[in-house]
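Data block for model-v1.txt (compact mmCIF, C-alpha atoms):
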```txt
# COMPACT_ATOMS: atom_id res chain seq x y z
CA MET A 18 115.14 122.08 -69.92
CA LYS A 19 112.90 124.11 -67.64
CA ARG A 20 115.25 127.08 -67.87
CA LYS A 21 115.17 126.89 -71.65
CA ARG A 22 111.41 126.86 -71.58
CA ILE A 23 111.32 129.90 -69.29
CA VAL A 24 113.58 131.80 -71.69
CA GLN A 25 111.45 130.73 -74.65
CA VAL A 26 108.21 131.78 -72.96
CA ALA A 27 109.59 135.23 -72.21
CA GLY A 28 110.64 135.61 -75.85
CA VAL A 29 107.29 134.51 -77.21
CA TRP A 30 105.51 136.90 -74.92
CA ALA A 31 107.62 139.85 -76.06
CA LEU A 32 106.82 138.97 -79.68
CA ALA A 33 103.12 138.58 -78.97
CA ILE A 34 102.93 141.97 -77.28
CA LEU A 35 104.62 143.66 -80.22
CA LEU A 36 102.25 141.98 -82.67
CA SER A 37 99.05 142.55 -80.75
CA GLY A 38 99.42 145.91 -79.09
CA TYR A 39 100.26 148.23 -81.91
CA ALA A 40 98.50 146.80 -84.94
CA CYS A 41 95.02 148.15 -84.53
CA GLN A 42 93.70 151.60 -85.33
CA GLN A 43 91.59 152.92 -82.50
CA ASN A 44 90.92 156.14 -80.66
CA SER A 45 93.33 157.29 -77.96
CA TYR A 46 91.21 156.14 -75.01
CA ALA A 47 90.81 152.68 -76.47
CA LYS A 48 94.53 152.57 -77.28
CA VAL A 49 95.48 153.50 -73.72
CA GLY A 50 93.00 150.92 -72.46
CA LEU A 51 94.55 148.32 -74.72
CA LEU A 52 98.02 149.21 -73.46
CA ALA A 53 96.80 149.08 -69.85
CA LYS A 54 95.47 145.59 -70.52
CA ASP A 55 98.76 144.57 -72.17
CA LEU A 56 100.69 146.03 -69.23
CA ALA A 57 98.76 143.89 -66.77
CA ALA A 58 99.08 140.83 -68.99
CA SER A 59 102.85 141.30 -69.36
CA VAL A 60 103.26 141.65 -65.59
CA LEU A 61 101.24 138.45 -65.20
CA VAL A 62 103.60 136.67 -67.58
CA ALA A 63 106.68 137.98 -65.73
CA GLN A 64 105.17 136.79 -62.46
CA GLN A 65 104.46 133.35 -63.90
CA VAL A 66 108.01 133.09 -65.24
CA GLU A 67 109.37 133.82 -61.75
CA ILE A 68 106.98 131.38 -60.07
CA GLU A 69 108.00 128.68 -62.53
CA ALA A 70 111.69 129.46 -61.88
CA TYR A 71 111.10 129.20 -58.13
CA ARG A 72 109.27 125.89 -58.44
CA THR A 73 112.06 124.44 -60.53
CA GLY A 74 114.70 125.48 -57.98
CA PHE A 75 116.37 128.44 -59.67
CA VAL A 76 115.15 131.07 -57.22
CA THR A 77 115.58 130.85 -53.43
CA SER A 78 112.67 131.06 -51.04
CA ASP A 79 113.76 134.46 -49.69
CA GLN A 80 114.21 135.86 -53.20
CA HIS A 81 110.83 134.48 -54.24
CA THR A 82 109.09 136.11 -51.29
CA ALA A 83 110.73 139.48 -51.95
CA ILE A 84 109.88 139.33 -55.65
CA GLN A 85 106.25 138.36 -55.08
CA GLN A 86 105.85 141.16 -52.54
CA LYS A 87 107.02 143.52 -55.26
CA PHE A 88 104.58 142.04 -57.77
CA PHE A 89 101.79 142.63 -55.26
CA LEU A 90 102.73 146.32 -54.99
CA ILE A 91 103.00 146.60 -58.78
CA ALA A 92 99.48 145.16 -59.14
CA GLU A 93 98.13 147.66 -56.64
CA ALA A 94 99.75 150.56 -58.52
CA GLY A 95 98.52 149.16 -61.84
CA ALA A 96 94.94 149.03 -60.58
CA ARG A 97 95.24 152.65 -59.40
CA LEU A 98 96.53 153.61 -62.85
CA ASP A 99 93.47 152.01 -64.43
CA VAL A 100 91.21 154.03 -62.15
CA ALA A 101 93.03 157.23 -63.12
CA ILE A 102 92.62 156.42 -66.81
CA ASN A 103 89.07 155.10 -66.63
CA GLN A 104 87.00 156.86 -64.01
CA ALA A 105 88.64 160.24 -63.74
CA HIS A 106 90.65 160.57 -66.93
CA ASP A 107 93.07 162.10 -64.45
CA ALA A 108 96.41 162.77 -66.15
CA THR A 109 98.10 163.96 -62.94
CA THR A 110 97.26 160.80 -61.00
CA ALA A 111 98.03 158.63 -64.00
CA THR A 112 101.45 160.23 -64.33
CA ALA A 113 102.11 159.70 -60.61
CA GLU A 114 101.14 156.02 -60.86
CA ILE A 115 103.33 155.56 -63.93
CA LYS A 116 106.23 156.96 -61.91
CA THR A 117 105.40 154.61 -59.04
CA LEU A 118 105.30 151.65 -61.41
CA THR A 119 108.58 152.70 -63.02
CA ALA A 120 110.24 152.89 -59.61
CA LEU A 121 108.84 149.52 -58.49
CA LEU A 122 109.98 147.85 -61.72
CA ALA A 123 113.45 149.38 -61.42
CA ASP A 124 113.73 148.22 -57.80
CA LEU A 125 112.56 144.75 -58.76
CA SER A 126 115.00 144.53 -61.65
CA ASN A 127 117.99 146.14 -59.92
CA ASN A 128 117.67 144.77 -56.40
CA GLN A 129 115.64 141.55 -56.37
CA ILE A 130 116.24 139.98 -59.78
CA THR A 131 119.98 140.69 -59.77
CA GLY A 132 120.28 138.39 -56.75
CA ILE A 133 119.28 135.35 -58.80
CA LYS A 134 122.48 133.41 -59.40
CA ASP A 135 121.44 131.36 -62.40
CA ASP A 136 122.26 133.49 -65.46
CA LYS A 137 119.57 132.15 -67.79
CA THR A 138 116.83 132.45 -65.20
CA ARG A 139 117.88 135.97 -64.30
CA LEU A 140 117.96 137.00 -67.97
CA ALA A 141 114.58 135.41 -68.66
CA ILE A 142 112.90 137.33 -65.86
CA GLN A 143 114.67 140.55 -66.83
CA ALA A 144 113.52 140.06 -70.42
CA ALA A 145 109.93 139.66 -69.24
CA LEU A 146 110.28 142.84 -67.17
CA LEU A 147 111.71 144.66 -70.18
CA THR A 148 108.48 143.95 -72.01
CA VAL A 149 106.58 145.40 -69.05
CA ASN A 150 108.72 148.53 -69.17
CA THR A 151 108.21 148.89 -72.91
CA VAL A 152 104.43 148.82 -72.55
CA LEU A 153 104.59 151.22 -69.60
CA ASP A 154 106.68 153.63 -71.69
CA SER A 155 104.02 153.48 -74.42
CA ILE A 156 101.32 154.42 -71.88
CA ALA A 157 103.47 157.29 -70.64
CA ALA A 158 103.82 158.50 -74.22
CA PHE A 159 100.07 159.17 -74.27
CA GLY A 160 100.43 161.77 -71.51
CA GLY A 161 98.96 165.08 -72.55
CA LYS A 162 97.21 163.66 -75.63
CA MET B 27 112.16 133.54 -84.12
CA ASN B 28 109.57 132.79 -86.82
CA VAL B 29 105.84 132.22 -86.44
CA ASP B 30 106.16 128.42 -86.44
CA ASP B 31 108.64 128.61 -83.59
CA ALA B 32 106.37 130.94 -81.67
CA LEU B 33 103.36 128.65 -82.13
CA ARG B 34 105.38 125.60 -81.10
CA LEU B 35 106.58 127.35 -77.95
CA LEU B 36 103.07 128.50 -77.13
CA ALA B 37 101.90 124.92 -77.50
CA LEU B 38 104.59 123.85 -75.04
CA LEU B 39 103.49 126.49 -72.60
CA ILE B 40 99.85 125.47 -72.94
CA ALA B 41 100.82 121.93 -72.05
CA ALA B 42 102.74 123.13 -69.01
CA GLU B 43 100.35 125.66 -67.48
CA PRO B 44 96.94 125.39 -69.17
CA ALA B 45 94.98 127.57 -66.78
CA VAL B 46 97.38 130.49 -66.85
CA VAL B 47 98.07 130.29 -70.56
CA GLY B 48 94.37 130.03 -71.34
CA TYR B 49 93.81 133.25 -69.46
CA ILE B 50 96.74 135.01 -71.16
CA LYS B 51 95.53 133.77 -74.55
CA THR B 52 92.13 135.28 -73.83
CA LEU B 53 93.76 138.60 -73.01
CA LEU B 54 95.75 138.56 -76.25
CA GLU B 55 92.81 137.55 -78.41
CA SER B 56 90.62 140.33 -77.08
CA SER B 57 92.50 143.13 -78.84
CA GLN B 58 90.03 143.86 -81.64
CA GLY B 59 86.82 145.86 -81.60
CA GLN B 60 86.65 146.59 -77.90
CA THR B 61 86.21 149.87 -76.09
CA GLY B 62 88.65 151.48 -73.68
CA ASP B 63 86.34 150.60 -70.79
CA GLN B 64 86.34 146.95 -71.80
CA PHE B 65 90.13 146.87 -72.04
CA LEU B 66 90.47 148.50 -68.64
CA ALA B 67 88.07 146.00 -67.11
CA GLN B 68 90.29 143.23 -68.44
CA ALA B 69 93.35 144.99 -67.01
CA ASP B 70 91.66 145.20 -63.60
CA SER B 71 90.90 141.50 -63.75
CA ALA B 72 94.54 140.73 -64.53
CA TRP B 73 95.80 142.95 -61.69
CA ALA B 74 93.46 141.17 -59.27
CA ARG B 75 94.82 137.86 -60.48
CA ILE B 76 98.42 139.01 -60.00
CA LYS B 77 97.63 140.12 -56.45
CA ALA B 78 95.97 136.80 -55.68
CA ASN B 79 98.91 134.89 -57.15
CA ALA B 80 101.39 136.93 -55.08
CA ALA B 81 99.35 136.50 -51.91
CA ALA B 82 99.27 132.75 -52.47
CA GLU B 83 103.05 132.65 -52.87
CA LEU B 84 103.80 134.68 -49.73
CA PRO B 85 104.29 132.97 -46.37
CA PRO B 86 101.42 133.41 -43.91
CA PRO B 87 101.90 136.23 -41.40
CA LYS B 88 103.26 135.11 -38.04
CA ALA B 89 100.79 135.18 -35.16
```

Let's see the structure in the file written out as structure tokens.
Amino acid sequence: MKRKRIVQVAGVWALAILLSGYACQQNSYAKVGLLAKDLAASVLVAQQVEIEAYRTGFVTSDQHTAIQQKFFLIAEAGARLDVAINQAHDATTATAEIKTLTALLADLSNNQITGIKDDKTRLAIQAALLTVNTVLDSIAAFGGK
Amino acid sequence: MNVDDALRLLALLIAAEPAVVGYIKTLLESSQGQTGDQFLAQADSAWARIKANAAAELPPPKA
């Protein structure tokens, strides 16, 4: 039952991002800001899905620790990306942080999440991370604009 | 998945984790009429929350 709920939550979140993030007409800076906010929110959802999976026994303690360490690093990189966008409007630093985030997300998905034995839990977390990657790709698409 | 399904699932989630979902709901609802600076401030708040959540889930460092 808990696993089903985790899968459902990840699906609802993906839908909500698609409905909320691309509907409004705004200038580029506001759009990037909106995407940056959606990126952070989608990472928060992925983190909550994993925490819920751990608390319901579908993720081991060692896996949980490794995954949360990765989320910590992702949050640090995300905050640096916001600084690059906001304070400096620094495309070079922003691009570097996007690459860092892409690498951290790939590592998380390919090395930590793949170790989760329960198929539905693993797929739910990967689905949540896919939403994160989609938003990150949209931010990257603003490079040079 | 239709809108009714989505709303029903959101209601389930709200019942399960009200504090977190309330915060996420606030983030989602704040997508109209705000400036880039306001969005980025919200993003920073979310990143800080993610870091705090992760720190709370990690074992304490050994002495």

Point to revise | Of the listed residues A:Gln65, A:Thr73, A:Gln85, A:Ser59, that which approaches chain B most closely, counting only C-alpha atoms | key: A:Gln85

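The chain A residues that come within 6 Å of chain B are A:Val29, A:Tyr46, A:Ala47, A:Gly50, A:Leu51, A:Lys54, A:Ala57, A:Leu61, A:Thr82, A:Gln85, A:Phe89, A:Ala92, A:Ala96, with all atoms listed in the file taken into account.
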
Check your understanding: In Å to one decimal, how far is atom CA of A:Arg72 from atom CA of A:Thr138?
Key ->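 Distance reported for this atom pair: 12.1 Å.
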
Review point. When distances are computed from all atoms listed in the file, which of A:Gln80, A:Asn150, A:Gln86, A:Gln64 shows the smallest separation from A:Ala120?
Key: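 For A:Ala120, the nearest of the candidates is A:Asn150.
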
Practice item. May I ask for the distance between atom CA of A:Asp135 and atom CA of A:Glu67, given in Å to one decimal place? Key: 12.3 Å

Practice item. Just give me the gap between atom CA of A:Leu140 and atom CA of A:Asp154 in Å, one decimal is fine. Key: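 Separating atom CA of A:Leu140 from atom CA of A:Asp154 is a distance of 20.4 Å.
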
Practice item. May I have the residues within 9 Å of A:Leu153 as a PyMOL selection string, using all atoms listed in the file and disregarding those fewer than 4 positions away in the same chain? Key: chain A and resi 52-53+56+115+118-119+148-149+157-158

Can those selected residues be exported to a file as a short mmCIF file (atom, residue, chain, number, x, y, z; two decimals), in the frame of the given file so that it contains C-alpha atoms?
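Okay, out.cif is ready:
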```cif
data_model
loop_
_atom_site.label_atom_id
_atom_site.label_comp_id
_atom_site.auth_asym_id
_atom_site.auth_seq_id
_atom_site.Cartn_x
_atom_site.Cartn_y
_atom_site.Cartn_z
CA LEU A 52 98.02 149.21 -73.46
CA ALA A 53 96.80 149.08 -69.85
CA LEU A 56 100.69 146.03 -69.23
CA ILE A 115 103.33 155.56 -63.93
CA LEU A 118 105.30 151.65 -61.41
CA THR A 119 108.58 152.70 -63.02
CA THR A 148 108.48 143.95 -72.01
CA VAL A 149 106.58 145.40 -69.05
CA ALA A 157 103.47 157.29 -70.64
CA ALA A 158 103.82 158.50 -74.22
#
```
